[in-house]
Structure formats: C-alpha cells, structure tokens
file input36.cif (mmCIF, C-alpha atoms (C1' of nucleotides))
data_data
#
loop_
_atom_site.label_atom_id
_atom_site.label_comp_id
_atom_site.auth_asym_id
_atom_site.auth_seq_id
_atom_site.Cartn_x
_atom_site.Cartn_y
_atom_site.Cartn_z
CA MET A 1 2.74 -13.78 17.94
CA GLN A 2 4.45 -11.39 15.63
CA ILE A 3 4.33 -11.42 11.88
CA SER A 4 7.38 -13.31 10.64
CA SER A 5 10.47 -11.36 9.70
CA ARG A 6 10.12 -12.80 6.21
CA PHE A 7 8.00 -9.77 5.47
CA THR A 8 10.52 -7.15 6.56
CA LEU A 9 13.19 -9.22 4.85
CA ALA A 10 11.24 -9.15 1.60
CA ILE A 11 10.88 -5.38 1.81
CA HIS A 12 14.58 -5.09 2.59
CA ILE A 13 15.26 -7.15 -0.51
CA PHE A 14 13.22 -4.78 -2.67
CA ALA A 15 15.04 -1.80 -1.18
CA CYS A 16 18.32 -3.46 -2.19
CA ILE A 17 17.11 -4.13 -5.71
CA ASP A 18 16.01 -0.50 -5.99
CA THR A 19 19.31 0.78 -4.70
CA PHE A 20 21.85 -1.61 -6.17
CA GLY A 21 20.01 -3.16 -9.11
CA GLY A 22 21.66 -0.78 -11.54
CA THR A 23 25.22 -1.20 -10.35
CA HIS A 24 25.53 -4.64 -8.77
CA LYS A 25 24.24 -8.07 -9.55
CA VAL A 26 21.82 -8.65 -6.68
CA THR A 27 22.44 -12.25 -5.66
CA SER A 28 21.22 -14.19 -2.66
CA ASP A 29 24.69 -13.89 -1.16
CA PHE A 30 24.67 -10.15 -1.65
CA LEU A 31 21.27 -9.91 0.01
CA ALA A 32 22.37 -12.22 2.78
CA GLY A 33 25.20 -9.78 3.41
CA SER A 34 22.94 -6.75 3.63
CA THR A 35 20.26 -8.37 5.76
CA ASN A 36 22.59 -10.52 7.83
CA VAL A 37 20.42 -13.53 7.21
CA ASN A 38 21.35 -16.92 5.82
CA PRO A 39 21.46 -17.07 2.00
CA VAL A 40 19.22 -20.14 1.92
CA ILE A 41 16.51 -18.23 3.74
CA ILE A 42 16.92 -15.41 1.25
CA ARG A 43 16.58 -17.84 -1.65
CA LYS A 44 13.43 -19.25 -0.13
CA ILE A 45 11.92 -15.77 0.09
CA LEU A 46 13.08 -14.94 -3.43
CA GLY A 47 11.33 -18.11 -4.52
CA GLN A 48 8.09 -16.97 -2.88
CA LEU A 49 8.31 -13.51 -4.43
CA LYS A 50 9.03 -15.11 -7.78
CA GLY A 51 6.12 -17.49 -7.33
CA ALA A 52 3.88 -14.48 -6.78
CA GLY A 53 5.17 -12.96 -10.00
CA LEU A 54 6.76 -9.96 -8.30
CA ILE A 55 10.35 -10.59 -9.33
CA ASP A 56 12.43 -12.52 -11.82
CA VAL A 57 15.33 -14.53 -10.55
CA ALA A 58 18.04 -15.41 -13.04
CA ARG A 59 18.88 -19.03 -12.62
CA GLY A 60 22.47 -19.99 -13.40
CA THR A 61 23.80 -16.54 -14.00
CA GLY A 62 22.28 -15.05 -10.87
CA GLY A 63 20.63 -11.76 -10.07
CA THR A 64 17.16 -10.42 -9.42
CA ALA A 65 14.87 -7.82 -10.95
CA VAL A 66 11.37 -6.53 -10.32
CA THR A 67 8.83 -7.53 -12.96
CA ARG A 68 6.38 -4.64 -12.78
CA PRO A 69 6.43 -0.88 -12.30
CA LEU A 70 6.99 -0.17 -8.63
CA GLU A 71 3.72 1.74 -8.28
CA GLU A 72 1.91 -1.46 -9.14
CA ILE A 73 3.32 -3.55 -6.31
CA THR A 74 1.91 -2.95 -2.85
CA PHE A 75 3.11 -4.05 0.56
CA LEU A 76 0.04 -6.27 0.64
CA ASP A 77 1.27 -8.10 -2.45
CA VAL A 78 4.57 -8.70 -0.71
CA TYR A 79 2.88 -9.70 2.54
CA ARG A 80 0.67 -12.21 0.77
CA ALA A 81 3.57 -13.62 -1.21
CA VAL A 82 5.61 -14.29 1.85
CA GLU A 83 3.27 -14.90 4.75
CA CYS A 84 1.87 -18.39 4.50
CA ILE A 85 -0.97 -18.17 6.99
CA GLU A 86 -3.55 -20.89 6.58
CA ASN A 87 -6.63 -19.53 4.83
CA GLY A 88 -4.98 -16.13 5.07
CA GLU A 89 -6.56 -15.64 8.47
CA LEU A 90 -4.81 -13.26 10.80
CA PHE A 91 -6.46 -14.53 13.98
CA HIS A 92 -5.99 -18.05 15.22
CA PHE A 93 -9.17 -19.57 16.62
CA HIS A 94 -9.23 -22.20 19.33
CA ASP A 95 -9.96 -25.42 17.53
CA ASN A 96 -13.01 -27.16 18.96
CA PRO A 97 -15.34 -24.96 20.96
CA ASN A 98 -17.93 -27.09 22.70
CA THR A 99 -21.01 -27.42 20.50
CA ASN A 100 -23.08 -28.38 23.51
CA CYS A 101 -22.62 -24.90 24.90
CA PRO A 102 -24.71 -22.21 23.19
CA VAL A 103 -21.79 -19.82 23.26
CA GLY A 104 -19.31 -22.41 22.02
CA ARG A 105 -21.71 -23.37 19.26
CA ASN A 106 -22.07 -19.78 18.05
CA ILE A 107 -18.75 -18.15 18.81
CA HIS A 108 -17.69 -18.29 15.17
CA HIS A 109 -20.90 -16.67 13.99
CA ILE A 110 -20.47 -14.00 16.59
CA LEU A 111 -16.83 -13.24 15.97
CA ASP A 112 -15.87 -14.01 12.39
CA ASP A 113 -17.15 -10.82 10.82
CA LYS A 114 -15.50 -8.67 13.47
CA LEU A 115 -12.14 -10.37 13.07
CA LEU A 116 -12.41 -10.05 9.34
CA ARG A 117 -13.05 -6.33 9.68
CA VAL A 118 -9.88 -5.94 11.72
CA GLN A 119 -7.87 -7.98 9.27
CA LYS A 120 -9.24 -6.00 6.38
CA ALA A 121 -8.30 -2.71 8.03
CA MET A 122 -4.74 -3.92 8.30
CA GLU A 123 -4.61 -5.25 4.77
CA ASP A 124 -6.10 -2.08 3.33
CA GLU A 125 -3.35 -0.10 4.97
CA LEU A 126 -0.75 -2.51 3.59
CA ALA A 127 -2.30 -2.10 0.18
CA SER A 128 -1.97 1.66 0.40
CA ILE A 129 1.83 1.52 0.44
CA THR A 130 3.68 0.74 -2.77
CA LEU A 131 7.24 -0.15 -3.63
CA ALA A 132 7.46 3.26 -5.27
CA ASP A 133 6.91 4.80 -1.83
CA LEU A 134 9.60 2.51 -0.50
CA LYS A 135 12.04 3.59 -3.19
CA LYS A 136 11.32 7.25 -2.61
CA ASP A 137 11.98 6.99 1.11
CA THR A 138 15.01 4.79 0.60
CA GLU A 139 16.54 7.45 -1.62
CA LYS A 140 15.63 10.10 0.89
CA TYR A 141 17.48 8.37 3.71
CA LEU A 142 20.43 7.20 1.62
CA GLY A 143 20.91 10.71 0.31
CA LYS A 144 21.36 11.94 3.85
CA ARG A 145 24.42 9.86 4.61
CA MET B 1 2.34 -16.21 12.04
CA GLN B 2 -1.13 -15.86 13.34
CA ILE B 3 -2.24 -13.98 16.41
CA SER B 4 -2.44 -16.44 19.26
CA SER B 5 -5.77 -18.04 20.06
CA ARG B 6 -5.51 -16.45 23.50
CA PHE B 7 -7.28 -13.49 21.98
CA THR B 8 -10.28 -15.38 20.63
CA LEU B 9 -10.31 -17.34 23.87
CA ALA B 10 -10.49 -14.14 25.88
CA ILE B 11 -13.40 -12.91 23.79
CA HIS B 12 -15.10 -16.27 24.18
CA ILE B 13 -14.66 -15.91 27.93
CA PHE B 14 -16.37 -12.52 27.90
CA ALA B 15 -19.22 -13.93 25.85
CA CYS B 16 -19.65 -16.61 28.49
CA ILE B 17 -19.63 -14.10 31.32
CA ASP B 18 -22.26 -12.06 29.47
CA THR B 19 -24.41 -15.07 28.84
CA PHE B 20 -24.05 -17.12 31.99
CA GLY B 21 -22.82 -14.61 34.56
CA GLY B 22 -26.32 -14.15 35.93
CA THR B 23 -27.23 -17.79 36.29
CA HIS B 24 -24.01 -19.77 36.74
CA LYS B 25 -20.79 -19.25 38.61
CA VAL B 26 -18.33 -18.79 35.78
CA THR B 27 -15.29 -20.78 36.88
CA SER B 28 -12.19 -21.77 34.95
CA ASP B 29 -13.56 -25.28 34.67
CA PHE B 30 -16.82 -24.01 33.28
CA LEU B 31 -14.96 -21.91 30.73
CA ALA B 32 -12.67 -24.81 29.91
CA GLY B 33 -15.80 -26.77 29.12
CA SER B 34 -17.22 -24.17 26.78
CA THR B 35 -13.98 -23.42 24.97
CA ASN B 36 -12.62 -26.95 25.04
CA VAL B 37 -9.31 -25.67 26.29
CA ASN B 38 -7.35 -26.71 29.35
CA PRO B 39 -8.45 -25.01 32.59
CA VAL B 40 -4.90 -23.96 33.41
CA ILE B 41 -4.69 -22.06 30.15
CA ILE B 42 -8.00 -20.40 30.97
CA ARG B 43 -6.71 -19.40 34.38
CA LYS B 44 -3.62 -17.92 32.82
CA ILE B 45 -5.76 -15.81 30.50
CA LEU B 46 -8.06 -14.84 33.37
CA GLY B 47 -4.95 -13.72 35.20
CA GLN B 48 -3.92 -11.52 32.29
CA LEU B 49 -7.39 -9.99 31.98
CA LYS B 50 -7.42 -9.41 35.71
CA GLY B 51 -3.97 -7.87 35.55
CA ALA B 52 -5.28 -5.45 32.95
CA GLY B 53 -8.14 -4.54 35.26
CA LEU B 54 -10.84 -5.85 32.94
CA ILE B 55 -12.28 -8.52 35.24
CA ASP B 56 -12.39 -9.58 38.86
CA VAL B 57 -11.65 -13.17 39.70
CA ALA B 58 -12.91 -14.48 43.02
CA ARG B 59 -10.11 -16.37 44.65
CA GLY B 60 -11.16 -19.28 46.85
CA THR B 61 -14.85 -19.13 46.16
CA GLY B 62 -14.46 -18.93 42.40
CA GLY B 63 -16.24 -17.03 39.66
CA THR B 64 -15.57 -14.09 37.40
CA ALA B 65 -17.16 -10.72 36.67
CA VAL B 66 -16.42 -7.77 34.45
CA THR B 67 -15.26 -4.64 36.27
CA ARG B 68 -16.49 -1.91 33.96
CA PRO B 69 -19.50 -1.13 31.79
CA LEU B 70 -19.22 -3.18 28.61
CA GLU B 71 -19.19 -0.12 26.38
CA GLU B 72 -15.96 0.93 28.04
CA ILE B 73 -13.98 -2.18 27.17
CA THR B 74 -12.77 -2.51 23.61
CA PHE B 75 -11.33 -5.46 21.71
CA LEU B 76 -8.06 -3.56 21.75
CA ASP B 77 -8.06 -3.60 25.55
CA VAL B 78 -8.53 -7.35 25.45
CA TYR B 79 -5.92 -7.79 22.74
CA ARG B 80 -3.35 -5.81 24.69
CA ALA B 81 -4.12 -7.65 27.90
CA VAL B 82 -3.55 -11.01 26.37
CA GLU B 83 -1.05 -10.62 23.56
CA CYS B 84 2.39 -10.26 25.02
CA ILE B 85 4.32 -9.06 21.98
CA GLU B 86 7.64 -7.49 22.81
CA ASN B 87 7.36 -3.69 22.64
CA GLY B 88 3.86 -4.26 21.32
CA GLU B 89 5.23 -4.46 17.80
CA LEU B 90 3.16 -6.38 15.31
CA PHE B 91 5.97 -6.91 12.81
CA HIS B 92 9.05 -8.86 13.62
CA PHE B 93 12.23 -7.32 12.23
CA HIS B 94 15.31 -9.30 11.26
CA ASP B 95 17.73 -8.67 14.06
CA ASN B 96 21.03 -7.33 12.78
CA PRO B 97 20.89 -5.74 9.35
CA ASN B 98 24.40 -5.01 8.15
CA THR B 99 25.38 -1.49 9.14
CA ASN B 100 28.10 -1.46 6.50
CA CYS B 101 25.42 -1.54 3.83
CA PRO B 102 23.61 1.75 3.29
CA VAL B 103 20.29 -0.05 2.99
CA GLY B 104 20.94 -2.24 6.03
CA ARG B 105 21.96 0.81 8.00
CA ASN B 106 18.76 2.69 7.14
CA ILE B 107 16.13 0.02 6.76
CA HIS B 108 14.61 0.83 10.14
CA HIS B 109 14.37 4.54 9.34
CA ILE B 110 12.77 3.66 6.03
CA LEU B 111 10.27 1.12 7.31
CA ASP B 112 9.34 1.83 10.90
CA ASP B 113 6.78 4.55 10.25
CA LYS B 114 5.06 2.49 7.56
CA LEU B 115 4.83 -0.59 9.74
CA LEU B 116 3.50 1.53 12.56
CA ARG B 117 0.82 2.92 10.29
CA VAL B 118 -0.33 -0.59 9.43
CA GLN B 119 -0.32 -1.66 13.04
CA LYS B 120 -2.26 1.43 14.01
CA ALA B 121 -4.90 0.76 11.36
CA MET B 122 -5.44 -2.66 12.85
CA GLU B 123 -5.49 -1.42 16.42
CA ASP B 124 -7.90 1.39 15.60
CA GLU B 125 -10.30 -1.15 14.17
CA LEU B 126 -9.90 -3.31 17.28
CA ALA B 127 -10.60 -0.25 19.38
CA SER B 128 -13.82 0.41 17.51
CA ILE B 129 -15.43 -2.81 18.75
CA THR B 130 -16.62 -3.02 22.34
CA LEU B 131 -17.77 -5.80 24.58
CA ALA B 132 -21.23 -4.24 24.37
CA ASP B 133 -21.19 -5.03 20.64
CA LEU B 134 -20.10 -8.53 21.49
CA LYS B 135 -22.95 -8.96 23.95
CA LYS B 136 -25.49 -7.63 21.50
CA ASP B 137 -24.41 -10.05 18.78
CA THR B 138 -24.14 -12.92 21.20
CA GLU B 139 -27.74 -12.39 22.24
CA LYS B 140 -28.76 -12.12 18.62
CA TYR B 141 -27.29 -15.50 17.73
CA LEU B 142 -28.31 -17.26 20.92
CA GLY B 143 -31.84 -16.05 20.46
CA LYS B 144 -32.00 -17.82 17.12
CA ARG B 145 -31.44 -21.28 18.46
"C1'" DC C 1 -11.71 -28.04 58.81
"C1'" DT C 2 -13.70 -29.45 54.64
"C1'" DT C 3 -14.62 -28.25 50.03
"C1'" DG C 4 -14.29 -26.12 45.69
"C1'" DT C 5 -11.61 -22.92 43.50
"C1'" DT C 6 -7.69 -19.99 42.01
"C1'" DG C 7 -2.61 -19.25 41.28
"C1'" DT C 8 1.42 -21.17 39.67
"C1'" DA C 9 5.40 -24.16 38.94
"C1'" DA C 10 7.16 -28.06 36.41
"C1'" DT C 11 7.20 -30.84 32.51
"C1'" DG C 12 6.26 -32.40 28.00
"C1'" DC C 13 4.98 -32.09 23.23
"C1'" DC C 14 4.51 -29.96 18.84
"C1'" DA C 15 4.71 -26.45 15.22
"C1'" DA C 16 7.11 -22.71 13.03
"C1'" DG C 17 11.08 -19.80 12.28
"C1'" DT C 18 15.67 -19.62 11.29
"C1'" DA C 19 20.53 -21.41 10.49
"C1'" DT C 20 23.46 -24.46 8.21
"C1'" DT C 21 25.49 -28.04 5.20
"C1'" DA C 22 25.35 -30.33 1.05
"C1'" DC C 23 24.51 -31.01 -3.53
"C1'" DA C 24 22.05 -31.19 -8.02
"C1'" DT C 25 20.88 -28.00 -11.65
"C1'" DC C 26 21.60 -24.37 -14.52
"C1'" DA C 27 23.47 -20.60 -17.81
"C1'" DA C 28 27.20 -17.82 -19.34
"C1'" DC C 29 31.84 -17.50 -20.49
"C1'" DT C 30 36.27 -19.06 -21.92
"C1'" DA D 1 33.02 -28.99 -23.56
"C1'" DG D 2 34.39 -27.73 -19.10
"C1'" DT D 3 34.76 -24.28 -15.60
"C1'" DT D 4 32.52 -21.10 -12.74
"C1'" DG D 5 29.30 -18.78 -10.00
"C1'" DA D 6 24.46 -18.93 -9.26
"C1'" DT D 7 19.95 -20.85 -7.91
"C1'" DG D 8 16.75 -24.55 -6.09
"C1'" DT D 9 16.02 -27.66 -2.61
"C1'" DA D 10 16.46 -31.46 0.71
"C1'" DA D 11 18.05 -32.72 5.22
"C1'" DT D 12 19.13 -31.61 9.78
"C1'" DA D 13 19.37 -29.08 13.92
"C1'" DC D 14 18.32 -25.54 17.23
"C1'" DT D 15 15.29 -22.34 19.52
"C1'" DT D 16 11.06 -20.24 20.77
"C1'" DG D 17 6.26 -20.03 21.76
"C1'" DG D 18 1.86 -22.11 22.26
"C1'" DC D 19 -0.78 -25.35 24.46
"C1'" DA D 20 -1.76 -29.60 27.47
"C1'" DT D 21 -1.25 -31.75 31.73
"C1'" DT D 22 -0.15 -32.95 36.52
"C1'" DA D 23 0.55 -31.46 40.94
"C1'" DC D 24 0.05 -28.72 44.72
"C1'" DA D 25 -0.03 -24.55 47.70
"C1'" DA D 26 -3.08 -20.66 48.95
"C1'" DC D 27 -7.47 -19.18 49.74
"C1'" DA D 28 -12.53 -18.14 51.15
"C1'" DA D 29 -16.98 -19.65 52.45
"C1'" DG D 30 -19.76 -22.82 54.57
#

call {"tool": "encode", "arguments": {"input": "input36.cif", "output": "structure tokens"}}
result
Amino acid sequence: MQISSRFTLAIHIFACIDTFGGTHKVTSDFLAGSTNVNPVIIRKILGQLKGAGLIDVARGTGGTAVTRPLEEITFLDVYRAVECIENGELFHFHDNPNTNCPVGRNIHHILDDKLLRVQKAMEDELASITLADLKKDTEKYLGKR
Amino acid sequence: MQISSRFTLAIHIFACIDTFGGTHKVTSDFLAGSTNVNPVIIRKILGQLKGAGLIDVARGTGGTAVTRPLEEITFLDVYRAVECIENGELFHFHDNPNTNCPVGRNIHHILDDKLLRVQKAMEDELASITLADLKKDTEKYLGKR
DNA sequence: CTTGTTGTAATGCCAAGTATTACATCAACT
DNA sequence: AGTTGATGTAATACTTGGCATTACAACAAG
C-alpha cells in the first residue's frame, strides 16, 4: 500500500502558502482549486496541520499561515501530522501468529527491531528536508516559467 | 497507510523454511498454521516469491525451498516480490493538480526527487538486511525457549 | 488411480481514502 | 445587527485493496 496522498497534498498546501500567502488569501477553496481535490478534504488536512501546530487557520475570515520559520518544519513533521498510522508503525503485522509454533511465538522478537530500523531510515530522511528547502525549490521552478 | 502484512508474512514464511525445512515438509497449510492466515493467501504469496525467483514450490507433492544462499536474498528482494505498488512508488500523489496554477503545474518537479530520496533511504535499509540475518536471529530466539 | 498438494477463480466482507452535500459556527465589514 | 464569505464537521456514498473462504482443476508421487 502506498502512503496516502494526504502527505503530498499537505506539502502542496505549504507550497501554495509560500507562493501565494503574500498576495492572496489562501482559503480551502483556493487550495482545492490548485490541488484539484475536494475542499472538505483540504479542510480536514488543514485541521490536522493546525492540530500539529504547524499552521494557523483563520476561522470566519478565512486564510492560512505558517506558524514557525520554515527551516524549523520538516517533512517528517508534516508526515506525522497527516498520516494517522496506528502506533506510527510503517509495517503492518499479521495479527495473531500461532503461539504454539516456535516461529509464530517469536516472530515479533525476531522482526521488530529490523522493521524499526527501516522505518527510522525513512523518517530520518524525511526529517532532513525542511519547508525552507521546499520554498527554495518552488521558487526555482516557478521562476523558470 | 501501512505496508501490507504480505511483507511480514513473507518474512515469517522464510523463517519457517529456515527452521523447519530440514525436518518438515513446509506446505501452505503448515505455513497457514504458523502464521494464522488463510492457506490461499499463503499460496498467493508463495506464488509471488516464486515469481521473483526466491523460492521453489513443489507442485503436486508440496513443499517449499529457498533457491539461493541466504546471504544473497535481502529484505528488499522480498519486499519487491510481494508489494505490488504501481511503478514501485512509495508515495501516492494526488492525481490531477491544476495545470493552470503555477504550483499545481510544477508540484511534481518540485517534489519527485525529494520523495525518491526518502523512498531510497528506506529501500537501502531494507537491502542491508539479508535472510541470513533473519536466520541467525531466529535461531537466537528459538534457542532461548 | 488415489492422495495430498498447488494454482487459481469466484465471492464476500471490511477498512480506508476520497468525493460530495449540507449546515452550524464564526469573524469582519457595512 | 445583519450580511457575507469562511471554517468545522457530520452524514452519506463510492471505490479500492486487503484478507477470508469455498470450490475445483491440475499435478506428482506412491
């Protein structure tokens, strides 16, 4: 299974705030237009990002802004805000391995640390990318055309 | 979304082959017993592992064996055999970003390399673990009890 | 040719993602 | 104060993918 598009949507949202935050009011409808995704879905994601303290959303009047300096928000922050995996575990384990079988009884002991290592490698890489990097590259590509 | 349990199931299967391959005939029913998963699902996974050239499955008579030395099969090989993600992409992108919006038009250019880096970090870590490691740790834990 | 097994199709169920409609709530502006 | 344009959120529906299950054809060894 792939990681839900909520993550790429959230990043897209930040790119829009970076780009249009100064000139437009960035509303859920505006974002829905840019992403081509339903405004309610956008609002749900905005709610998650807000819940994680990454953005402010102006109720009533509308509009969105980032709360912290862009260098201080990583892709991992965004990923965690938006990806509601149970226990934060990347790998889904089969539920009830047979405890009467020595392998079934121990498979978690055998595997858990390895899976965690893989997950950590991915999360470390996510943590190495910040919204400042995103903004820089967004400007680079928008400048071209 | 989490990575399907097919992956942990496949690893569990290899642990069973390591442990019982010498003494039992490792059939889909046997594996279904150890994993507590339906035999048909097991056979489907066995088919994928076989398709990837990682195991031989004895049709008719039954039983399973690994084709290569364990040091030469990595978790990444198993992951790729079993996880049928389209294009092998870990991240799911929203489908039709608005090409009339400069951000929507460029979001793929902006993001793709970063997402690939994250995916590669994960896959490199998967590639660093072999079935020989799995066997070693399986023996370690089974020895204890 | 019997037996135990694999390969696979058909079907069903459930969870999660996404779309959509509807509406209450809110804050600014007139 | 009322209008207006937003957000927050519930309800509903659709689709997809994972997994379970039944059934049966194909197969290989005895």

call {"tool": "resolve_selection", "arguments": {"input": "input36.cif", "expression": "the PyMOL selection byres ((chain C) within 9 of (chain B))", "output": "JSON, numbers by chain"}}
result
{"C": [4, 5, 6, 7, 16]}

call {"tool": "write_last_selection", "arguments": {"input": "input36.cif", "atoms": "C-alpha atoms (C1' of nucleotides)", "output": "PDB file, in the coordinates of the input"}}
result
ATOM      1  C1'  DG C   4     -14.290 -26.120  45.690  1.00  0.00           C
ATOM      2  C1'  DT C   5     -11.610 -22.920  43.500  1.00  0.00           C
ATOM      3  C1'  DT C   6      -7.690 -19.990  42.010  1.00  0.00           C
ATOM      4  C1'  DG C   7      -2.610 -19.250  41.280  1.00  0.00           C
ATOM      5  C1'  DA C  16       7.110 -22.710  13.030  1.00  0.00           C
TER       6       DA C  16
END

call {"tool": "interface_residues", "arguments": {"input": "input36.cif", "of": "chain B", "to": "chain A", "cutoff": "7 Å", "atoms": "all atoms listed in the file", "output": "MDAnalysis selection string"}}
result
chainID B and resid 1:5 8:9 12 15:16 33:36 85 90:94 96:98 101:104 106:107 110 118:119 121:122 125:126 137:138 141:142

call {"tool": "closest_residue", "arguments": {"input": "input36.cif", "among": "A:Ala65, A:Ile41, A:Ile17, A:Ala52", "to": "C:DT20", "atoms": "only C-alpha atoms (C1' of nucleotides)"}}
result
A:Ile41

call {"tool": "resolve_selection", "arguments": {"input": "input36.cif", "expression": "the PyMOL selection byres ((chain D) within 9 of (chain B))", "output": "number ranges by chain"}}
result
D: 18-21, 26-29

call {"tool": "atom_distance", "arguments": {"input": "input36.cif", "atom1": "atom CA of B:Val26", "atom2": "atom CA of B:Thr64"}}
result
5.7 Å

call {"tool": "atom_distance", "arguments": {"input": "input36.cif", "atom1": "atom CA of B:Val82", "atom2": "atom C1' of D:DG17"}}
result
14.1 Å

call {"tool": "atom_distance", "arguments": {"input": "input36.cif", "atom1": "atom CA of A:Leu70", "atom2": "atom CA of A:Leu131"}}
result
5.0 Å

call {"tool": "resolve_selection", "arguments": {"input": "input36.cif", "expression": "the PyMOL selection byres ((chain D and resi 9) around 9)", "output": "list in words"}}
result
DA24 of chain C; DG8 and DA10 of chain D

call {"tool": "residues_around", "arguments": {"input": "input36.cif", "residues": "D:DT4", "least_positions_apart": "5", "cutoff": "12 Å", "atoms": "all atoms listed in the file", "output": "ChimeraX atom specification"}}
result
/A:60-61 /C:26-30
